[in-house]
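This report concerns only the one structure given below.
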Amino acid sequence: MLRFVIRRVALTLPTFVALMFVTFIAVRLVPGDPIEVRTGERGISPERLAQFRHELGLDRPVWQQFLDYANGLVHGDFGVSIVTKTPVLHEFLTLFPATLELSLCALLLAVVIGVPVGVLAAVKRGGVLDHAVMAVALTGYSMPIFWWGLLLIMLVSESWGLTPVSGRVDLINYYFEPVTGFMLIDSLLSDQEGAFWSAAQHLILPSIVLGTIPLAVIARMTRSSMLEVLSEDYVRTARAKGLSPLRVVGLHALRNALIPVVTVIGLQTGTLLAGAVLTEHIFAWPGVGKWLIESIARRDYPALQGGIMLISGIVIVVNLLVDLAYVAINPRIRHG
Amino acid sequence: MTLLSIRNLTVSFATSRGPFRAVDGVDLDVAAGELVAIVGESGSGKSVAMLAVMGLLPWTATVTADRLMFDGKDLAAMTPRERRRIIGRDLAMIFQEPMSSLNPCFTVGFQIGEALKTHLGLGRAARRDRAIALLNEVGIPEPERRLRAFPHQLSGGMSQRVMIAMALACRPKLIIADEPTTALDVTIQAQILDLLVRLQRENGVGLVLITHDMGVVAETSQRVCVHYAGQQVEMQPTEGLFRDPHHPYTAALLAALPERASGRLLPSIPGVVPGLADRPKGCLFSPRCRFATERCRTVPPPRAGAELGLALCHTPLVQGVPQRAPAAA
C-alpha cells in the first residue's frame with residue numbers, strides 16, 4: 001500500500017514540471033504585457049516604460065525569467081502579484097475557500113442526485129423514467145455554463161425573486177470576519193440570525209449551474225455501470241439468498257457499480273474547477289476563478305502562473321486521492 | 001414426502017423475433033432427501049426451469065405452471081416478499097461459475113452471514129460461529145482466517161466450497177445445484193461432487209443436480225430427468241435409465257459416452273438442438289433421430305407411461321428396439 005502511494009506521488013512530479021513550463025509560455029504568448037495594459041491608450045514615455053519593465057524583470061531573456069520562476073517555485077515562492085503587490089499564494093489561499101465551498105456544494109449536489117437517479121434508471125431500464133432521466137442528463141451535459149447561469153438568474157432570481165442574483169452573502173445586513181473562509185460555517189459562527197440562510201440562498205444557483213455537468217456525467221456513468229453489474233452472477237447469488245431488492249441493488253450491485261463512478265467523480269474535479277471560473281464570473285462569486293479571469297485582463301503574470309499551477313496541483317492531488325479511494329473500495333487492488 | 005412438485009412448467013422469453021419457449025411443459029417431483037439429476041445439452045432449458053423455481057429469471061421471462069409447489073406451499077401464488085422468505089432458507093441454489101458468483105467487494109464471512117442474518121436473525125457472534133462451522137463442514141482449512149478473505153483470494157474449488165457453505169447456511173430442505181463442477185478442474189470436480197453428495201446424505205437434504213455429465217449422473221443420482229430443447233423427454237430411476245433407455249435421445253446420449261464406445265470413432269448425435277426459427281412441427285428430436293418416421297416429423301409425440309420412462313416419443317425403445325404403438329389410438 002505504502003509503495004503504491006509513493007509510486008503514484010513520484011509519477012506526479014513530471015506532470016508538475018511540464019505544467020510549469022506550459023503555463024509560463026502560454027501566459028506570455030498572450031499579446032500585451034502588464035505595463036502596456038496598465039498604461040492603456042494614454043501611452044507612456046519609452047524611458048518610463050523601460051524602467052517599469054526593468055523593475056518587473058521583464059527586460060531579461062525569457063529563459064532567465066523562467067529559471068528564476070522555477071527556482072522560486074521549488075522554494076515554495078509563487079511570486080508577488082504585479083497589481084496588488086501581495087504574495088500570490090496568500091491571495092490564492094484567501095480566495096480559495098470560496099471556490100472550494102462552491103465546488104463542494106456543486107459536487108455534493110451532483111453525487112446526491114446523480115447516483116440515485118442513475119441507479120433508478122438502470123433498475124427501470126427501458127422505461128419512461130429511464131428515457132426521461134437520460135434525456136435530461138444529455139441536455140444537462142450539453143448546456144453551456146454561461147447560458148445556463150444567465151437563464152437561471154433571469155428565471156429564478158429576476159422573475160420569481162426566489163434567490164439573490166450574485167455574491168456570497170447579503171452584505172448590507174450581515175458582516176462578519178472570515179474565520180474558516182467557508183461562508184456557511186462563518187455565518188453560523190457569527191451568531192447573526194439569518195446569516196446562514198442568506199449564505200445558503202446565495203449558494204443555490206451557482207451550485208446548480210456548476211453541478212449540472214458533473215451531475216449529468218455521474219448519472220449516466222452510474223446507470224451504465226449499474227446495468228453491467230446487475231447482470232453479474234453475484235447479483236443473482238444475492239437474490240438467491242432471499243435478500244430484499246433494496247439490499248441486492250443498494251449494497252451488492254451498487255458497491256461494485258460505484259468503482260468506475262468514483263473515478264469519474266475524481267475526473268470531474270477538473271471540470272468543476274474549470275467550470276468554477278465561468279460560474280464565479282457570472283455570479284460575481286469572489287473565488288479563485290473570478291480572480292484568474294481578472295488576472296488575465298491585467299496580464300498579471302505571477303498571479304496567473306501561480307493560480308494555474310495551484311489549481312492544477314489541486315486537480316492532480318484530487319486524482320491521487322481518488323486512486324487511493326479506489327483502492328479502498330476495490331479489494332482486488334488492495335490485495336493485488 | 002414430496003418436497004418439490006412441478007407440473008407443466010413453461011418458461012418463455014420475449015425476444016425481438018417473438019416469444020421463445022425455453023422450457024416446455026416440464027414435470028418434476030423431488031422427495032425429501034432424494035437426489036434427482038437433470039441432464040441435457042446446453043440450451044435444453046434445464047437451468048432455466050430451476051431458475052424459474054427459484055424465481056430468479058429476468059423480467060423478460062414469463063413463467064406458467066399448472067402446479068409449482070414447494071414444501072406444501074404454492075410458489076406461484078406467493079408475493080415476491082413471501083417467496084423471498086423461502087428462497088435462501090428452505091430452498092437454496094448453487095451456480096455454475098463459482099468465481100463470478102461471489103461478490104468481489106465483500107468478505108467470505110460477510111457473504112455467508114447475510115442469509116443467517118436475514119432469515120434466522122442471528123447476531124454477529126452467532127453468525128461468525130455458524131460460518132466457521134459451515135466452512136469446516138465444506139472442508140475449508142483455517143476457517144477463521146478464510147472468513148476475512150475476499151473472493152479473488154480463493155481458487156475456483158474454494159469458491160465453490162464457499163458457495164456450498166452459503167447454500168447450506170440456513171439448513172435448506174432442497175438444494176438446486178446448477179452444473180456445480182463444470183467450471184472446475186477435473187481433479188477438483190470429483191472432490192466437489194463427493195462433498196455435495198456427502199452433505200446431501202448426512203443432512204437428508206433433497207438435491208436437484210443439473211449436469212450434462214452422464215458419468216456424474218450414474219455415480220450420484222437416484223433418478224434422472226432427460227431434457228431436450230426445453231422438453232422433458234424421459235424420466236427414470238438411474239439404474240433403469242442406464243440399463244434400458246426408452247427415448248432415442250437418451251439412448252444416443254448414452255451411446256455417445258466414451259466409456260461405451262467400441263470402435264475407433266466416438267459415436268455422436270448428428271445435427272444441433274433446434275432454435276427458435278427451425279423448430280420442427282412434430283417431435284423436436286425427429287430431425288436428429290435414427291428411428292424417426294413420417295408421423296414423428298408431423299405429429300407432436302405423446303407421453304408414454306411410467307413403465308416406458310414417461311418417454312415423449314411415438315416409438316419408445318425397449319432394449320434398443322422401437323416399439324410401434326398402434327396407429328392413432
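Just so we're on the same page: first chain in the C-alpha cells is A, next is B, and so on; residues restart at 1 for each chain, and ligands are numbered from 1 in the order they show up.
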
Run DSSP on the backbone of this structure and report the residues of stretch 131-253 of chain B it assigns to strand (DSSP E or B), as JSON, numbers by chain. {"B": [174, 175, 176, 177, 178, 206, 207, 208, 209, 210, 211, 223, 224, 225, 226, 227, 228, 231, 232, 233, 234, 235, 236, 237]}

Just-selected residues, C-alpha atoms written as a compact mmCIF listing (two decimals), in the first residue's frame:
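To be explicit, this is the file written out as selection_1.txt:
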```
# COMPACT_ATOMS: atom_id res chain seq x y z
CA LEU B 174 -33.78 -28.64 -1.03
CA ILE B 175 -30.64 -27.55 -2.86
CA ILE B 176 -30.53 -26.97 -6.59
CA ALA B 177 -27.01 -27.36 -7.95
CA ASP B 178 -26.67 -25.98 -11.47
CA GLY B 206 -33.14 -33.01 -1.29
CA LEU B 207 -30.78 -32.26 -4.18
CA VAL B 208 -31.51 -31.44 -7.79
CA LEU B 209 -28.29 -31.82 -9.74
CA ILE B 210 -28.24 -30.19 -13.14
CA THR B 211 -25.46 -31.59 -15.28
CA ARG B 223 -33.50 -40.62 -10.55
CA VAL B 224 -32.79 -38.89 -13.85
CA CYS B 225 -34.75 -36.44 -16.00
CA VAL B 226 -33.56 -36.01 -19.55
CA HIS B 227 -34.27 -32.63 -21.16
CA TYR B 228 -34.17 -31.83 -24.83
CA GLN B 231 -38.94 -30.54 -23.10
CA GLN B 232 -38.60 -33.36 -20.65
CA VAL B 233 -38.16 -36.38 -22.93
CA GLU B 234 -37.61 -39.09 -20.33
CA MET B 235 -37.59 -39.73 -16.58
CA GLN B 236 -36.44 -42.97 -14.96
CA PRO B 237 -34.64 -44.31 -11.91
```

So that I can check the surroundings of stretch 134-137 of chain B, please list as a ChimeraX atom specification every protein, DNA and RNA residue that reaches within 10 Å of it, counting only C-alpha atoms and ignoring chain neighbours fewer than 4 positions away. /B:108-109,112,128-130,141-144,146-147,158,161-162,164-169,195,199

Keeping only N, CA, C and O atoms, write those residues as a compact mmCIF listing (two decimals), in the first residue's frame.
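Ended up saving to result-v3.txt:
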```
# COMPACT_ATOMS: atom_id res chain seq x y z
N VAL B 108 -15.77 -13.29 2.55
CA VAL B 108 -16.47 -14.56 2.59
C VAL B 108 -17.39 -14.61 3.80
O VAL B 108 -18.56 -15.01 3.72
N GLY B 109 -16.87 -14.17 4.94
CA GLY B 109 -17.66 -14.20 6.17
C GLY B 109 -18.94 -13.40 6.04
O GLY B 109 -20.02 -13.85 6.44
N ILE B 112 -21.46 -15.21 3.76
CA ILE B 112 -22.11 -16.37 4.38
C ILE B 112 -23.10 -15.88 5.44
O ILE B 112 -24.20 -16.40 5.57
N ARG B 128 -20.83 -15.61 13.11
CA ARG B 128 -19.43 -15.97 12.94
C ARG B 128 -19.21 -17.44 13.29
O ARG B 128 -18.57 -18.18 12.54
N ASP B 129 -19.79 -17.86 14.42
CA ASP B 129 -19.63 -19.26 14.83
C ASP B 129 -20.21 -20.20 13.78
O ASP B 129 -19.60 -21.19 13.41
N ARG B 130 -21.40 -19.84 13.31
CA ARG B 130 -22.07 -20.70 12.31
C ARG B 130 -21.26 -20.73 11.01
O ARG B 130 -21.11 -21.78 10.38
N PRO B 141 -9.81 -25.37 5.05
CA PRO B 141 -8.89 -25.28 6.18
C PRO B 141 -8.82 -23.85 6.72
O PRO B 141 -9.08 -22.88 5.99
N GLU B 142 -8.46 -23.71 7.97
CA GLU B 142 -8.32 -22.43 8.65
C GLU B 142 -9.53 -21.53 8.44
O GLU B 142 -9.41 -20.42 7.91
N PRO B 143 -10.72 -21.98 8.82
CA PRO B 143 -11.92 -21.20 8.53
C PRO B 143 -11.91 -19.79 9.15
O PRO B 143 -12.41 -18.86 8.52
N GLU B 144 -11.30 -19.65 10.34
CA GLU B 144 -11.31 -18.31 10.97
C GLU B 144 -10.63 -17.30 10.06
O GLU B 144 -11.06 -16.16 9.95
N ARG B 146 -10.17 -17.65 6.76
CA ARG B 146 -10.87 -17.55 5.47
C ARG B 146 -12.06 -16.61 5.53
O ARG B 146 -12.48 -16.07 4.51
N LEU B 147 -12.62 -16.44 6.71
CA LEU B 147 -13.78 -15.56 6.84
C LEU B 147 -13.45 -14.15 6.37
O LEU B 147 -14.29 -13.44 5.85
N MET B 158 -12.20 -23.62 -4.03
CA MET B 158 -12.50 -22.99 -2.74
C MET B 158 -13.78 -22.16 -2.85
O MET B 158 -14.64 -22.19 -1.96
N ARG B 161 -16.73 -24.28 -2.75
CA ARG B 161 -16.98 -24.75 -1.38
C ARG B 161 -17.68 -23.66 -0.57
O ARG B 161 -18.59 -23.93 0.21
N VAL B 162 -17.25 -22.42 -0.79
CA VAL B 162 -17.90 -21.30 -0.08
C VAL B 162 -19.36 -21.18 -0.54
O VAL B 162 -20.27 -20.99 0.28
N ILE B 164 -21.22 -23.56 -1.57
CA ILE B 164 -21.97 -24.66 -0.94
C ILE B 164 -22.26 -24.33 0.52
O ILE B 164 -23.37 -24.54 1.02
N ALA B 165 -21.25 -23.76 1.19
CA ALA B 165 -21.45 -23.36 2.59
C ALA B 165 -22.59 -22.34 2.69
O ALA B 165 -23.43 -22.41 3.59
N MET B 166 -22.63 -21.40 1.74
CA MET B 166 -23.69 -20.39 1.73
C MET B 166 -25.05 -21.04 1.53
O MET B 166 -26.03 -20.67 2.17
N ALA B 167 -25.09 -22.03 0.62
CA ALA B 167 -26.36 -22.70 0.35
C ALA B 167 -26.84 -23.47 1.58
O ALA B 167 -28.03 -23.54 1.87
N LEU B 168 -25.88 -24.03 2.33
CA LEU B 168 -26.23 -24.84 3.50
C LEU B 168 -26.57 -23.99 4.72
O LEU B 168 -27.11 -24.50 5.70
N ALA B 169 -26.26 -22.70 4.65
CA ALA B 169 -26.26 -21.83 5.83
C ALA B 169 -27.52 -21.99 6.68
O ALA B 169 -27.43 -22.19 7.89
N LEU B 195 -18.28 -34.00 -2.05
CA LEU B 195 -18.70 -33.15 -0.94
C LEU B 195 -20.21 -32.94 -0.97
O LEU B 195 -20.89 -33.12 0.04
N LEU B 199 -22.76 -34.29 1.87
CA LEU B 199 -23.57 -33.36 2.65
C LEU B 199 -25.05 -33.65 2.48
O LEU B 199 -25.83 -33.57 3.42
```

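Residue list for chain A within 10 Å of chain B: A:Ser231, A:Glu232, A:Asp233, A:Tyr234, A:Val235, A:Arg236, A:Thr237, A:Ala238, A:Arg239, A:Ala240, A:Lys241, A:Gly242, A:Leu243, A:Ser244, A:Pro245, A:Leu251, A:His252, A:Ala253, A:Arg255, A:Asn256, A:Ile329, A:Asn330, A:Pro331, A:Arg332, A:His335, A:Gly336, counting only C-alpha atoms.
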
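With only C-alpha atoms as the atoms that count, the minimum distance from A:Leu29 to the choices A:Val88, A:Leu2, A:Leu138, A:Val62 is reached by A:Val62.
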
Report, in Å with one decimal, the straight-line distance from atom CA of B:Thr315 to atom CA of B:Leu241.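 Atom-to-atom, atom CA of B:Thr315 to atom CA of B:Leu241, that is 16.5 Å.
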
Residues flagged helix (DSSP H, G or I) by DSSP in stretch 2-75 of chain A, as a ChimeraX atom specification: /A:2-29,34-42,46-56,62-74

Counting only C-alpha atoms, figure out which residue out of B:Met50, B:Glu41, B:Ala306, B:Met78 gets nearest to B:Ile269.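 Among the listed residues, B:Glu41 lies closest to B:Ile269.
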
Of the listed residues B:Val186, B:Arg303, B:Gly121, B:Trp59, that which approaches B:Gly25 most closely, counting only C-alpha atoms: B:Arg303

Residues near B:Asp213, cut-off 12 Å, only C-alpha atoms, skip fewer than 4 positions along chain, as a list in words: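 Skipping anything fewer than 4 positions along the chain leaves Ala37, Ile38, Val39, Gly40, Glu41, Ser42, Asp178, Glu179, Pro180, Thr181, Thr182, Gln189, Ala190, Leu193, Leu209, Val217, Ala218, Glu219, Thr220, Ser221, Val224, Val226, Leu253, Leu254, Ala256, Leu257 and Pro258 of chain B.
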
For A:Ile311, please output as number ranges by chain all residues within 10 Å (counting only C-alpha atoms; exclusion window: fewer than 2 positions along the same chain). A: 92, 96, 270, 273-274, 288-289, 306-309, 313-317

Neighbour list for B:Leu9 as a ChimeraX atom specification, cut-off 6 Å, only C-alpha atoms, skip fewer than 5 positions in-chain: /B:25-26,64-65

Suppose we keep C-alpha atoms; can you now write the selection as an mmCIF file, in the first residue's frame?
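Saved the output as out.cif:
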```cif
data_model
loop_
_atom_site.group_PDB
_atom_site.id
_atom_site.type_symbol
_atom_site.label_atom_id
_atom_site.label_comp_id
_atom_site.auth_asym_id
_atom_site.auth_seq_id
_atom_site.Cartn_x
_atom_site.Cartn_y
_atom_site.Cartn_z
ATOM 1 C CA GLY B 25 -44.220 -28.489 -20.159
ATOM 2 C CA VAL B 26 -41.752 -29.884 -17.632
ATOM 3 C CA THR B 64 -46.563 -20.557 -16.166
ATOM 4 C CA ALA B 65 -47.229 -23.857 -14.426
#
```

Separation of atom CA of A:Ala328 from atom CA of A:Gln268, in Å and rounded to one decimal: 19.4 Å

Using only C-alpha atoms, which protein or nucleic acid residues come within 10 Å of A:Val262? Drop anything in the same chain fewer than 4 positions from it, and give the result as a PyMOL selection string. chain A and resi 111+218+221-222+257-258+266-268+322-323+325-326+329

File dump, residues just selected, N, CA, C and O atoms, as a tab-separated table (two decimals), in the first residue's frame:
```tsv
chain	number	residue	atom	x	y	z
A	111	VAL	N	-23.54	14.34	-6.78
A	111	VAL	CA	-23.46	12.95	-6.30
A	111	VAL	C	-24.79	12.54	-5.67
A	111	VAL	O	-25.33	11.47	-5.97
A	218	ILE	N	-22.24	11.91	-13.89
A	218	ILE	CA	-22.33	10.90	-12.84
A	218	ILE	C	-23.57	10.03	-13.03
A	218	ILE	O	-23.52	8.81	-12.89
A	221	MET	N	-22.96	7.67	-15.94
A	221	MET	CA	-21.95	6.66	-15.60
A	221	MET	C	-22.54	5.64	-14.62
A	221	MET	O	-22.32	4.43	-14.78
A	222	THR	N	-23.27	6.13	-13.62
A	222	THR	CA	-23.87	5.22	-12.65
A	222	THR	C	-24.82	4.26	-13.35
A	222	THR	O	-24.83	3.06	-13.09
A	257	ALA	N	-20.77	-1.20	-8.66
A	257	ALA	CA	-21.00	-0.22	-9.72
A	257	ALA	C	-20.31	1.10	-9.41
A	257	ALA	O	-19.99	1.87	-10.31
A	258	LEU	N	-20.07	1.36	-8.10
A	258	LEU	CA	-19.50	2.65	-7.72
A	258	LEU	C	-18.03	2.79	-8.10
A	258	LEU	O	-17.52	3.90	-8.17
A	266	GLY	N	-13.71	11.80	-9.58
A	266	GLY	CA	-12.37	12.38	-9.48
A	266	GLY	C	-12.04	13.20	-10.71
A	266	GLY	O	-11.54	14.33	-10.61
A	267	LEU	N	-12.35	12.65	-11.89
A	267	LEU	CA	-12.05	13.36	-13.12
A	267	LEU	C	-12.86	14.64	-13.22
A	267	LEU	O	-12.46	15.60	-13.88
A	268	GLN	N	-14.03	14.65	-12.57
A	268	GLN	CA	-14.89	15.83	-12.64
A	268	GLN	C	-14.32	17.01	-11.86
A	268	GLN	O	-14.75	18.14	-12.08
A	322	VAL	N	-8.32	10.08	-5.39
A	322	VAL	CA	-9.33	9.19	-5.99
A	322	VAL	C	-8.73	7.81	-6.21
A	322	VAL	O	-9.35	6.79	-5.93
A	323	ASP	N	-7.49	7.78	-6.68
A	323	ASP	CA	-6.82	6.49	-6.87
A	323	ASP	C	-6.76	5.74	-5.56
A	323	ASP	O	-6.92	4.52	-5.51
A	325	ALA	N	-8.81	6.18	-3.00
A	325	ALA	CA	-10.18	5.80	-2.63
A	325	ALA	C	-10.57	4.53	-3.39
A	325	ALA	O	-11.22	3.63	-2.87
A	326	TYR	N	-10.14	4.47	-4.62
A	326	TYR	CA	-10.37	3.31	-5.48
A	326	TYR	C	-9.84	2.05	-4.82
A	326	TYR	O	-10.48	1.01	-4.78
A	329	ILE	N	-12.17	0.98	-1.97
A	329	ILE	CA	-13.45	0.32	-2.24
A	329	ILE	C	-13.29	-0.93	-3.09
A	329	ILE	O	-14.21	-1.71	-3.21
```
